[in-house]
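Shown here: structure_8.cif, mmCIF, C-alpha atoms and all ligand atoms.
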data_coords
loop_
_atom_site.label_atom_id
_atom_site.label_comp_id
_atom_site.auth_asym_id
_atom_site.auth_seq_id
_atom_site.Cartn_x
_atom_site.Cartn_y
_atom_site.Cartn_z
CA MET A 21 192.62 129.47 119.17
CA ASN A 22 193.88 125.95 118.85
CA PHE A 23 195.94 124.10 116.23
CA LEU A 24 194.67 120.55 115.79
CA SER A 25 195.68 117.69 113.51
CA ASP A 26 194.15 114.51 112.20
CA GLY A 27 196.24 112.18 110.09
CA ASN A 28 198.34 114.46 107.89
CA ILE A 29 196.06 117.47 107.94
CA ALA A 30 196.39 120.33 110.40
CA TYR A 31 193.79 122.98 111.05
CA LEU A 32 192.96 125.86 113.32
CA GLN A 33 189.84 126.24 115.45
CA PHE A 34 188.57 129.24 117.39
CA ASP A 35 187.88 129.07 121.12
CA LEU A 36 184.63 131.03 120.77
CA LEU A 37 183.16 128.53 118.30
CA ALA A 38 184.61 125.39 119.90
CA ALA A 39 182.97 126.37 123.21
CA GLU A 40 179.60 126.38 121.40
CA ARG A 41 180.32 123.08 119.62
CA VAL A 42 180.15 124.74 116.21
CA GLN A 43 181.91 122.53 113.68
CA HIS A 44 184.46 124.61 111.79
CA ALA A 45 188.06 124.65 110.60
CA VAL A 46 190.66 126.83 108.97
CA PHE A 47 192.76 124.29 107.09
CA THR A 48 196.50 124.81 106.81
CA ARG A 49 198.13 123.76 103.53
CA LYS A 50 199.42 120.51 105.09
CA GLY A 51 198.34 116.98 104.28
CA GLY A 52 196.95 117.25 100.75
CA THR A 53 197.85 115.79 97.37
CA SER A 54 198.82 118.82 95.28
CA PRO A 55 202.44 119.36 94.15
CA GLU A 56 204.35 122.65 94.14
CA PRO A 57 203.45 125.49 93.93
CA TRP A 58 200.09 124.42 95.39
CA ASN A 59 201.50 121.98 97.92
CA SER A 60 199.55 120.50 99.28
CA LEU A 61 195.98 120.92 100.61
CA ASN A 62 194.88 123.27 97.84
CA PHE A 63 191.17 124.03 97.31
CA GLY A 64 191.61 126.69 94.64
CA GLY A 65 190.04 125.64 91.36
CA SER A 66 191.29 128.59 89.33
CA VAL A 67 195.00 128.52 90.15
CA GLY A 68 196.18 125.85 87.69
CA ASP A 69 195.92 122.78 89.91
CA GLU A 70 194.19 119.61 88.66
CA PRO A 71 190.49 119.18 89.57
CA GLU A 72 191.10 115.55 90.51
CA ARG A 73 193.67 116.56 93.13
CA ILE A 74 191.33 119.20 94.53
CA ARG A 75 188.59 116.57 94.76
CA LYS A 76 190.95 114.32 96.71
CA ASN A 77 191.94 117.23 98.95
CA PHE A 78 188.29 117.81 99.83
CA ASN A 79 187.87 114.16 100.75
CA ILE A 80 191.01 114.18 102.90
CA ALA A 81 190.07 117.38 104.72
CA LEU A 82 186.39 116.64 105.35
CA ALA A 83 186.66 112.96 106.30
CA PRO A 84 187.78 113.63 109.91
CA PHE A 85 184.62 115.68 110.42
CA GLY A 86 182.35 113.05 108.88
CA PHE A 87 181.41 115.33 105.97
CA SER A 88 181.56 114.91 102.22
CA ARG A 89 181.88 117.41 99.40
CA GLU A 90 178.20 116.87 98.58
CA SER A 91 177.30 118.81 101.75
CA ILE A 92 179.22 121.93 100.77
CA TYR A 93 177.92 125.32 99.73
CA ASP A 94 180.68 127.43 98.18
CA VAL A 95 180.68 130.56 96.05
CA TRP A 96 182.61 132.39 93.33
CA GLN A 97 184.46 134.95 95.45
CA VAL A 98 184.71 138.31 93.69
CA HIS A 99 185.80 140.87 96.36
CA GLY A 100 182.32 142.31 96.77
CA THR A 101 179.56 142.33 99.37
CA ASP A 102 176.84 140.25 97.73
CA ILE A 103 175.23 137.68 99.98
CA ALA A 104 174.39 134.05 99.23
CA ILE A 105 171.83 132.38 101.48
CA ALA A 106 172.67 128.68 101.58
CA GLU A 107 169.47 126.69 101.96
CA SER A 108 170.94 123.47 100.63
CA PRO A 109 174.35 122.30 99.42
CA ARG A 110 175.45 123.52 95.99
CA LEU A 111 175.06 120.66 93.54
CA SER A 112 178.35 119.93 91.81
CA LYS A 113 176.83 120.63 88.38
CA SER A 114 175.16 123.90 89.35
CA PRO A 115 177.13 127.14 88.91
CA HIS A 116 178.69 129.05 91.77
CA GLN A 117 176.83 132.17 92.85
CA LYS A 118 179.09 135.27 92.88
CA ALA A 119 179.22 136.32 96.52
CA ASP A 120 181.64 137.07 99.35
CA ILE A 121 179.21 136.48 102.20
CA ILE A 122 177.38 133.21 102.87
CA LEU A 123 174.70 132.87 105.53
CA SER A 124 172.67 129.81 106.52
CA ASN A 125 170.15 128.61 109.06
CA ARG A 126 170.31 125.00 107.85
CA PRO A 127 172.20 122.34 109.83
CA GLY A 128 173.92 119.96 107.42
CA VAL A 129 174.94 122.68 104.97
CA ILE A 130 178.67 123.37 105.16
CA LEU A 131 179.65 126.93 104.25
CA PHE A 132 183.04 126.88 102.50
CA MET A 133 185.44 129.52 101.16
CA ARG A 134 189.00 129.76 99.84
CA PHE A 135 191.77 132.13 100.97
CA ALA A 136 195.37 133.18 100.37
CA ASP A 137 195.87 136.54 102.20
CA CYS A 138 192.29 137.85 102.37
CA VAL A 139 190.56 137.74 105.75
CA PRO A 140 188.20 134.89 106.68
CA ILE A 141 185.50 135.97 109.13
CA LEU A 142 183.34 133.27 110.70
CA LEU A 143 180.04 134.28 112.33
CA TYR A 144 177.63 132.45 114.60
CA ASP A 145 174.47 133.58 116.36
CA ARG A 146 173.88 131.17 119.19
CA MET A 147 170.31 132.37 119.84
CA GLN A 148 168.91 132.37 116.29
CA LYS A 149 171.21 129.52 115.17
CA ILE A 150 172.67 131.24 112.11
CA VAL A 151 176.15 130.74 110.68
CA GLY A 152 178.01 133.05 108.33
CA LEU A 153 181.27 133.18 106.43
CA VAL A 154 182.85 136.32 104.94
CA HIS A 155 185.75 136.85 102.51
CA ALA A 156 187.34 140.27 103.00
CA GLY A 157 190.53 141.38 101.31
CA TRP A 158 191.27 145.09 101.13
CA GLU A 159 188.32 145.60 98.80
CA GLY A 160 185.88 143.67 100.95
CA THR A 161 187.20 145.49 104.00
CA VAL A 162 186.75 149.01 102.59
CA LYS A 163 183.32 147.92 101.30
CA LYS A 164 182.53 146.87 104.90
CA ALA A 165 181.67 143.26 104.04
CA ALA A 166 181.72 142.31 107.73
CA GLN A 167 179.07 144.95 108.49
CA VAL A 168 176.97 143.93 105.49
CA ALA A 169 177.00 140.37 106.82
CA VAL A 170 175.95 141.39 110.35
CA GLN A 171 173.22 143.66 108.99
CA ALA A 172 171.88 140.80 106.85
CA MET A 173 171.84 138.52 109.90
CA GLU A 174 169.73 141.17 111.68
CA ASP A 175 167.40 141.88 108.75
CA ARG A 176 166.83 138.37 107.46
CA PHE A 177 167.20 136.22 110.57
CA ASP A 178 166.34 138.57 113.48
CA CYS A 179 169.83 138.23 114.96
CA LEU A 180 171.04 140.66 117.61
CA PRO A 181 174.68 141.74 117.15
CA ALA A 182 175.29 141.23 120.87
CA ASN A 183 174.57 137.51 120.42
CA ILE A 184 176.90 137.07 117.45
CA LEU A 185 180.30 135.44 117.85
CA ALA A 186 182.82 136.67 115.27
CA CYS A 187 186.15 135.05 114.49
CA ILE A 188 188.88 136.63 112.37
CA GLY A 189 191.22 134.07 110.81
CA PRO A 190 194.71 134.13 109.31
CA SER A 191 195.39 136.68 106.58
CA ILE A 192 198.23 138.84 105.42
CA GLY A 193 199.29 140.85 108.46
CA PRO A 194 200.15 144.54 108.70
CA ASP A 195 203.87 143.73 108.78
CA HIS A 196 203.70 142.35 105.23
CA TYR A 197 200.90 144.43 103.76
CA GLU A 198 202.30 147.55 102.19
CA VAL A 199 199.65 149.45 100.25
CA GLY A 200 199.71 152.24 97.67
CA GLU A 201 197.79 155.45 97.08
CA ARG A 202 194.70 153.83 95.58
CA VAL A 203 194.13 151.61 98.64
CA ILE A 204 195.06 154.37 101.11
CA HIS A 205 192.46 156.66 99.55
CA GLN A 206 189.72 154.03 99.90
CA VAL A 207 190.75 153.27 103.49
CA ASP A 208 190.57 156.99 104.31
CA LEU A 209 187.03 157.16 102.93
CA THR A 210 185.87 154.12 104.88
CA PHE A 211 187.61 154.61 108.21
CA GLN A 212 187.85 158.42 108.38
CA ASN A 213 188.77 159.28 111.98
CA ASP A 214 189.94 155.72 112.63
CA ARG A 215 192.34 155.72 109.68
CA ASP A 216 195.41 156.05 111.92
CA HIS A 217 194.38 152.86 113.73
CA VAL A 218 194.49 150.84 110.52
CA LEU A 219 197.13 152.53 108.34
CA LYS A 220 200.61 152.31 109.85
CA PRO A 221 203.80 153.99 108.62
CA GLN A 222 206.63 151.48 108.27
CA ASN A 223 210.06 152.18 106.75
CA GLY A 224 208.82 155.04 104.64
CA SER A 225 205.79 153.18 103.29
CA VAL A 226 202.25 152.62 104.55
CA HIS A 227 200.91 149.29 105.78
CA PHE A 228 197.24 148.32 106.12
CA ASP A 229 196.02 146.36 109.14
CA LEU A 230 193.19 144.12 107.90
CA TRP A 231 192.70 142.48 111.31
CA GLU A 232 192.14 145.73 113.19
CA SER A 233 190.02 147.10 110.35
CA ASN A 234 187.62 144.20 110.47
CA ARG A 235 187.59 144.19 114.27
CA LEU A 236 186.59 147.87 114.20
CA LEU A 237 183.88 147.21 111.61
CA LEU A 238 182.43 144.42 113.74
CA LEU A 239 182.54 146.58 116.89
CA GLN A 240 180.76 149.39 115.04
CA SER A 241 178.04 146.87 114.13
CA GLY A 242 177.51 146.08 117.79
CA VAL A 243 179.33 142.75 117.83
CA ARG A 244 180.98 142.29 121.23
CA HIS A 245 182.43 138.78 121.09
CA ILE A 246 185.37 138.85 118.69
CA GLU A 247 188.32 136.47 118.47
CA SER A 248 191.20 137.38 116.14
CA VAL A 249 194.09 134.97 115.73
CA ASN A 250 196.49 137.62 114.36
CA ILE A 251 198.37 135.07 112.25
CA CYS A 252 200.09 136.44 109.15
CA THR A 253 199.86 134.18 106.11
CA ALA A 254 203.01 135.69 104.56
CA CYS A 255 205.05 135.02 107.72
CA HIS A 256 204.34 131.27 107.82
CA PRO A 257 204.95 129.61 104.44
CA SER A 258 204.77 126.08 105.86
CA ASP A 259 201.21 126.64 107.11
CA TRP A 260 199.52 129.13 104.79
CA TYR A 261 199.29 130.14 101.17
CA SER A 262 200.05 133.79 100.58
CA HIS A 263 199.22 135.35 97.23
CA ARG A 264 201.53 138.31 97.80
CA ARG A 265 204.48 136.36 99.21
CA ASP A 266 204.28 133.77 96.42
CA HIS A 267 203.67 136.35 93.67
CA GLY A 268 200.36 134.77 92.70
CA GLN A 269 201.83 131.28 92.16
CA THR A 270 200.18 129.49 95.03
CA GLY A 271 197.11 127.61 96.24
CA ARG A 272 194.09 128.48 98.38
CA PHE A 273 193.44 127.21 101.87
CA GLY A 274 189.95 126.22 102.90
CA VAL A 275 187.66 127.44 105.68
CA PHE A 276 184.34 125.91 106.68
CA ILE A 277 181.64 126.45 109.27
CA THR A 278 178.35 124.63 109.77
CA LEU A 279 175.56 124.76 112.33
CA PRO A 280 175.54 122.24 115.15
CA ASP A 281 172.90 119.50 114.70
CA GLU A 282 169.62 120.20 116.44
ZN ZN B 301 203.87 138.76 108.11
#
Can I see the file as structure tokens?
Amino acid sequence: MNFLSDGNIAYLQFDLLAAERVQHAVFTRKGGTSPEPWNSLNFGGSVGDEPERIRKNFNIALAPFGFSRESIYDVWQVHGTDIAIAESPRLSKSPHQKADIILSNRPGVILFMRFADCVPILLYDRMQKIVGLVHAGWEGTVKKAAQVAVQAMEDRFDCLPANILACIGPSIGPDHYEVGERVIHQVDLTFQNDRDHVLKPQNGSVHFDLWESNRLLLLQSGVRHIESVNICTACHPSDWYSHRRDHGQTGRFGVFITLPDE
């Protein structure tokens, strides 16, 4: 993992993807135009910020990569496991598809999602040239969104899990993620014998480890190359939005991945 900056923006890149020259970034909140409580590189369109500022934030963030917003494919993220196949950018006037997994085999289409505690998972198959992006909070994790994405890469694009690179980005970490009975019950159902690896007692309460959960799901799918940054959004207010830390009054940071040009 590497923190990089360009002008006022700062972003994170994964070693696994950088080594394959896959253009991607996890943008920190730095360098944008939005005021508090969204300061400043907010991409969330449903959190009260002005559309014009979000438009400017896109321009600021994408310019260093030579991209524009017209190349983006984004979705309406709903904590599920539906898949959107991005064959072309989403036209600004066309509605968002409801999905939490985007896959593409098209260079020039930039897969984009928004986060503030949920887990971003970036996927790349270097043999079949497929990219993927997954949004997994606790719901997406217990619904095994990461496994649904890998299975779809196998079924639709003939990918082999052993060739897939998987990168787990910043999210709320186990130190800050206390969960209640409803979540614990769902985690038990999903992880069964592994539940003690992902639910940790802490000061009389129970904390859920989203990073380890998604790493286990990927391993169970046969993915062998996994990079997890283990950065907690709630621990680093100057870099990341955190829905839980900020009690819902916050922005969304952006993540993109796109295939290398042929
Ligand atoms: Zn933390």
Hey, which residues sit close to ligand ZN 301 (chain B)? Say within 8 Å, counting all atoms listed in the file, and write them as a compact mmCIF listing (two decimals) with C-alpha atoms, keeping the file's coordinate frame.
# COMPACT_ATOMS: atom_id res chain seq x y z
CA ILE A 192 198.23 138.84 105.42
CA GLY A 193 199.29 140.85 108.46
CA PRO A 194 200.15 144.54 108.70
CA ASP A 195 203.87 143.73 108.78
CA HIS A 196 203.70 142.35 105.23
CA TYR A 197 200.90 144.43 103.76
CA ILE A 251 198.37 135.07 112.25
CA CYS A 252 200.09 136.44 109.15
CA THR A 253 199.86 134.18 106.11
CA ALA A 254 203.01 135.69 104.56
CA CYS A 255 205.05 135.02 107.72
CA HIS A 256 204.34 131.27 107.82
Enclosing box along x, y and z for every listed atom of region 102-108 of chain A, padded 3 Å each side, centre and size in Å, one decimal, as AutoDock Vina command-line options:
--center_x 173.2 --center_y 131.9 --center_z 99.8 --size_x 13.4 --size_y 22.8 --size_z 10.2
Notebook entry, point to check: Separation of CA of Val243 (chain A) and CA of Ala165 (chain A), in Å?
Noted result: 14.0 Å
Next item on the list: May I ask which of the residues A:Phe34, A:Ala83, A:Arg272, A:Ile188 is the closest one to Ser66 (chain A), counting all atoms listed in the file?
Entry: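 Checking each candidate against Ser66 (chain A), we get A:Arg272 as the closest.
Counting all atoms listed in the file and comparing A:Ser248, A:Gln117, A:Gln212, A:Ser262, the residue that lies closest to Leu185 (chain A) is A:Ser248.
Shortest separation to Ala104 (chain A) among A:Asn223, A:Asn28, A:Ser191, A:Ser124 occurs at residue A:Ser124, atoms counted being only C-alpha atoms.
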Margin query: Neighbouring residues of Arg110 (chain A) were defined as those with any atom within 7 Å, considering only C-alpha atoms; residues of the same chain fewer than 2 positions away were excluded. Please report them as an MDAnalysis selection string.
Written below: chainID A and resid 92:94 108 112 114
Got time to write the residues from that selection, C-alpha atoms, as a PDB file, in the frame of the given file?
ATOM      1  CA  ILE A  92     179.220 121.930 100.770  1.00  0.00           C
ATOM      2  CA  TYR A  93     177.920 125.320  99.730  1.00  0.00           C
ATOM      3  CA  ASP A  94     180.680 127.430  98.180  1.00  0.00           C
ATOM      4  CA  SER A 108     170.940 123.470 100.630  1.00  0.00           C
ATOM      5  CA  SER A 112     178.350 119.930  91.810  1.00  0.00           C
ATOM      6  CA  SER A 114     175.160 123.900  89.350  1.00  0.00           C
TER       7      SER A 114
END
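Counting only C-alpha atoms and comparing A:Ala106, A:Leu279, A:Val168, A:Ala156, the residue that lies closest to Asp137 (chain A) is A:Ala156.
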